[in-house]
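The file structure06.pdb comes next; it holds PDB, C-alpha atoms.
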ATOM      1  CA  MET N   1       0.000   0.000   0.000
ATOM      2  CA  GLY N   2       2.973   2.317  -0.418
ATOM      3  CA  PHE N   3       4.756   1.782   2.894
ATOM      4  CA  SER N   4       7.791  -0.194   4.040
ATOM      5  CA  PHE N   5       9.224  -1.154   7.391
ATOM      6  CA  ARG N   6      12.782  -0.220   8.260
ATOM      7  CA  GLY N   7      13.383  -1.791  11.600
ATOM      8  CA  ALA N   8      10.424  -0.765  13.729
ATOM      9  CA  ARG N   9       9.707   2.373  11.671
ATOM     10  CA  LEU N  10       7.027   2.813   9.045
ATOM     11  CA  VAL N  11       8.455   4.676   6.026
ATOM     12  CA  TRP N  12       7.406   5.503   2.475
ATOM     13  CA  HIS N  13       8.256   2.915  -0.119
ATOM     14  CA  ASP N  14      10.748   4.061  -2.754
ATOM     15  CA  LYS N  15       8.278   3.347  -5.555
ATOM     16  CA  SER N  16       5.643   5.546  -3.871
ATOM     17  CA  LEU N  17       8.141   8.384  -3.683
ATOM     18  CA  LEU N  18       9.023   7.965  -7.374
ATOM     19  CA  GLN N  19       5.335   8.039  -8.329
ATOM     20  CA  PHE N  20       4.876  11.161  -6.185
ATOM     21  CA  LYS N  21       7.763  12.943  -7.908
ATOM     22  CA  TYR N  22       6.524  11.884 -11.328
ATOM     23  CA  ARG N  23       3.083  13.320 -10.604
ATOM     24  CA  ILE N  24       4.621  16.589  -9.359
ATOM     25  CA  HIS N  25       6.640  16.739 -12.592
ATOM     26  CA  GLN N  26       3.420  16.403 -14.561
ATOM     27  CA  ILE N  27       1.580  19.079 -12.583
ATOM     28  CA  THR N  28       4.405  21.641 -12.473
ATOM     29  CA  GLY N  29       5.685  21.075 -15.998
ATOM     30  CA  ARG N  30       7.026  24.180 -17.715
ATOM     31  CA  SER N  31       5.198  23.633 -20.970
ATOM     32  CA  ARG N  32       1.695  23.021 -19.613
ATOM     33  CA  GLY N  33      -0.694  25.512 -21.129
ATOM     34  CA  ILE N  34      -2.630  26.450 -17.998
ATOM     35  CA  SER N  35      -2.383  29.431 -15.667
ATOM     36  CA  MET N  36      -0.210  29.306 -12.574
ATOM     37  CA  GLU N  37      -3.299  29.699 -10.372
ATOM     38  CA  LYS N  38      -4.820  26.524 -11.813
ATOM     39  CA  LYS N  39      -1.467  24.761 -11.528
ATOM     40  CA  LEU N  40      -1.165  25.725  -7.865
ATOM     41  CA  LYS N  41      -4.744  24.695  -7.139
ATOM     42  CA  GLU N  42      -4.239  21.279  -8.759
ATOM     43  CA  LEU N  43      -0.933  20.852  -6.933
ATOM     44  CA  THR N  44      -2.477  21.779  -3.582
ATOM     45  CA  VAL N  45      -5.292  19.257  -4.009
ATOM     46  CA  PHE N  46      -2.790  16.534  -4.882
ATOM     47  CA  LEU N  47      -0.419  17.395  -2.005
ATOM     48  CA  ARG N  48      -3.238  17.498   0.544
ATOM     49  CA  GLY N  49      -4.507  14.069  -0.471
ATOM     50  CA  TRP N  50      -1.026  12.570  -0.638
ATOM     51  CA  ILE N  51       0.125  13.790   2.763
ATOM     52  CA  ASN N  52      -3.171  12.833   4.393
ATOM     53  CA  TYR N  53      -2.595   9.251   3.234
ATOM     54  CA  PHE N  54       1.197   8.973   3.588
ATOM     55  CA  GLY N  55       1.548  11.300   6.572
ATOM     56  CA  ILE N  56       1.331   8.467   9.084
ATOM     57  CA  ALA N  57       4.831   7.297   8.153
ATOM     58  CA  GLN N  58       8.063   8.634   9.597
ATOM     59  CA  GLY N  59       9.476  11.138   7.151
ATOM     60  CA  TYR N  60       9.769  14.668   8.469
ATOM     61  CA  GLN N  61      13.147  15.317   6.822
ATOM     62  CA  LYS N  62      11.856  13.948   3.523
ATOM     63  CA  CYS N  63       8.900  16.348   3.810
ATOM     64  CA  ILE N  64      11.327  19.256   4.197
ATOM     65  CA  ASP N  65      13.316  18.114   1.149
ATOM     66  CA  LEU N  66      10.171  17.581  -0.928
ATOM     67  CA  ASP N  67       8.794  21.011   0.039
ATOM     68  CA  CYS N  68      12.007  22.683  -1.129
ATOM     69  CA  TRP N  69      12.005  20.679  -4.350
ATOM     70  CA  ILE N  70       8.341  21.502  -5.106
ATOM     71  CA  ARG N  71       8.851  25.223  -4.545
ATOM     72  CA  ARG N  72      11.910  25.163  -6.788
ATOM     73  CA  ARG N  73       9.841  23.490  -9.518
ATOM     74  CA  LEU N  74       7.232  26.242  -9.141
ATOM     75  CA  ARG N  75       9.879  28.974  -9.311
ATOM     76  CA  MET N  76      11.205  27.359 -12.469
ATOM     77  CA  SER N  77       7.727  27.314 -13.947
ATOM     78  CA  TYR N  78       7.165  30.995 -13.133
ATOM     79  CA  TRP N  79      10.545  31.865 -14.640
ATOM     80  CA  LYS N  80       9.670  30.035 -17.865
ATOM     81  CA  ASN N  81       6.254  31.758 -18.042
ATOM     82  CA  TRP N  82       7.832  35.188 -17.842
ATOM     83  CA  ARG N  83       9.828  34.397 -21.026
ATOM     84  CA  LYS N  84      11.468  37.703 -22.015
ATOM     85  CA  VAL N  85      14.236  39.465 -20.117
ATOM     86  CA  ARG N  86      12.188  42.664 -19.854
ATOM     87  CA  THR N  87       9.254  40.801 -18.299
ATOM     88  CA  LYS N  88      11.522  38.939 -15.879
ATOM     89  CA  VAL N  89      13.194  42.138 -14.695
ATOM     90  CA  ARG N  90       9.879  43.994 -14.417
ATOM     91  CA  ASN N  91       8.282  41.208 -12.364
ATOM     92  CA  LEU N  92      11.307  40.887 -10.074
ATOM     93  CA  LEU N  93      11.293  44.661  -9.471
ATOM     94  CA  ARG N  94       7.548  44.589  -8.776
ATOM     95  CA  MET N  95       8.104  41.839  -6.201
ATOM     96  CA  GLY N  96      10.690  43.793  -4.217
ATOM     97  CA  VAL N  97      14.058  42.750  -5.670
ATOM     98  CA  SER N  98      16.727  45.438  -5.992
ATOM     99  CA  GLU N  99      17.328  46.794  -9.487
ATOM    100  CA  SER N 100      20.880  45.470  -9.888
ATOM    101  CA  LEU N 101      19.916  41.995  -8.704
ATOM    102  CA  ALA N 102      16.813  41.971 -10.910
ATOM    103  CA  VAL N 103      18.840  42.879 -13.991
ATOM    104  CA  THR N 104      21.485  40.271 -13.153
ATOM    105  CA  CYS N 105      18.903  37.527 -12.677
ATOM    106  CA  GLY N 106      16.761  38.566 -15.620
ATOM    107  CA  SER N 107      19.620  38.598 -18.105
ATOM    108  CA  SER N 108      21.189  35.380 -16.860
ATOM    109  CA  GLY N 109      21.795  32.684 -19.435
ATOM    110  CA  LYS N 110      21.408  29.850 -16.954
ATOM    111  CA  SER N 111      18.812  27.154 -17.413
ATOM    112  CA  TYR N 112      15.391  27.518 -15.810
ATOM    113  CA  TRP N 113      16.236  24.936 -13.151
ATOM    114  CA  ARG N 114      19.503  26.655 -12.167
ATOM    115  CA  ASN N 115      17.904  30.086 -12.205
ATOM    116  CA  ALA N 116      15.184  28.882  -9.842
ATOM    117  CA  LYS N 117      17.830  28.683  -7.120
ATOM    118  CA  THR N 118      19.226  32.214  -7.467
ATOM    119  CA  GLU N 119      18.911  34.840  -4.767
ATOM    120  CA  GLY N 120      16.762  37.277  -6.732
ATOM    121  CA  ILE N 121      14.123  34.696  -7.545
ATOM    122  CA  HIS N 122      14.102  33.490  -3.931
ATOM    123  CA  ILE N 123      13.461  37.037  -2.746
ATOM    124  CA  ALA N 124      10.595  37.531  -5.201
ATOM    125  CA  LEU N 125       9.016  34.072  -5.066
ATOM    126  CA  ASN N 126       9.582  33.283  -1.400
ATOM    127  CA  ASN N 127       7.734  30.795   0.795
ATOM    128  CA  GLU N 128       5.248  33.426   1.968
ATOM    129  CA  PHE N 129       4.344  34.179  -1.647
ATOM    130  CA  PHE N 130       3.447  30.539  -2.275
ATOM    131  CA  GLN N 131       1.576  30.355   1.018
ATOM    132  CA  LYS N 132      -0.521  33.363  -0.008
ATOM    133  CA  MET N 133      -1.203  31.662  -3.347
ATOM    134  CA  GLY N 134      -2.670  28.705  -1.429
ATOM    135  CA  LEU N 135       0.140  26.128  -1.593
ATOM    136  CA  ILE N 136       0.201  23.867   1.451
ATOM    137  CA  SER N 137       3.397  22.764   3.150
ATOM    138  CA  LEU N 138       4.024  19.032   3.536
ATOM    139  CA  CYS N 139       6.059  19.709   6.695
ATOM    140  CA  ASP N 140       3.314  21.678   8.401
ATOM    141  CA  ARG N 141       0.718  19.059   7.526
ATOM    142  CA  TRP N 142       3.004  16.221   8.707
ATOM    143  CA  VAL N 143       3.456  17.962  12.065
ATOM    144  CA  GLU N 144      -0.327  18.429  12.369
ATOM    145  CA  ILE N 145      -0.881  14.728  11.705
ATOM    146  CA  HIS N 146       1.722  13.576  14.226
ATOM    147  CA  TYR N 147       1.408  16.159  16.978
ATOM    148  CA  GLY N 148      -2.053  17.632  16.550
TER     149      GLY N 148
END

Spell out the structure here as structure tokens.
Amino acid sequence: MGFSFRGARLVWHDKSLLQFKYRIHQITGRSRGISMEKKLKELTVFLRGWINYFGIAQGYQKCIDLDCWIRRRLRMSYWKNWRKVRTKVRNLLRMGVSESLAVTCGSSGKSYWRNAKTEGIHIALNNEFFQKMGLISLCDRWVEIHYG
């Protein structure tokens, strides 16, 4: 049913984790032709159902790692949607990034995945931004399940 035992601990099976990541890849894909709001809504529904089922297992550190990975995928998707350098710089400035950092990030030739980890994008698309957009945190939900 998606779980394994390691000693006396209940953990997620490796295949379940691979299926989870594959589904996240599908939802947060860069070339999907839907708005980011719909993408976030679909992702939130999936994450809520997944953590409600798999949250009984021991895996707090994995939840932290998965949360970081999911947010990076979303940042990458936003970065791809903005397309042109002018749009990237304008959006970074609008979200509170300094002008020099916005220009540096916006004109970077790095791939979308590498750019998603830069300082300017982290300032603009921070965790609070995603929380306001309605994205749930696997860590927070895991703590609620285990400690009420």

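Here CA of Glu99 (chain N) is placed at a distance of 20.6 Å from CA of Met76 (chain N).
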
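CA of Ile34 (chain N) to CA of Trp142 (chain N) spans 29.1 Å [interatomic distance, one decimal].
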
So that I can check the surroundings of region 118-126 of chain N, please list as a ChimeraX atom specification every protein, DNA and RNA residue that reaches within 7 Å of it, counting all atoms listed in the file and ignoring chain neighbours fewer than 6 positions away. /N:75,92,95-97,101-102,105

Around region 115-130 of chain N, with edges along x, y and z and 5 Å added on all six sides, what centre and edge lengths do you get, in Å to one decimal, as lines of an AutoDock Vina configuration file?
center_x = 11.3
center_y = 33.1
center_z = -5.1
size_x = 25.8
size_y = 18.8
size_z = 24.2

Region 39-45 of chain N environment, 12 Å, only C-alpha atoms, sequence neighbours closer than 5 positions dropped, as JSON, numbers by chain: {"N": [20, 21, 23, 24, 25, 26, 27, 28, 29, 30, 31, 32, 33, 34, 50, 51, 52, 67, 70, 71, 73, 74, 75, 77, 78, 129, 130, 131, 132, 133, 134, 135, 136, 137, 138, 141]}
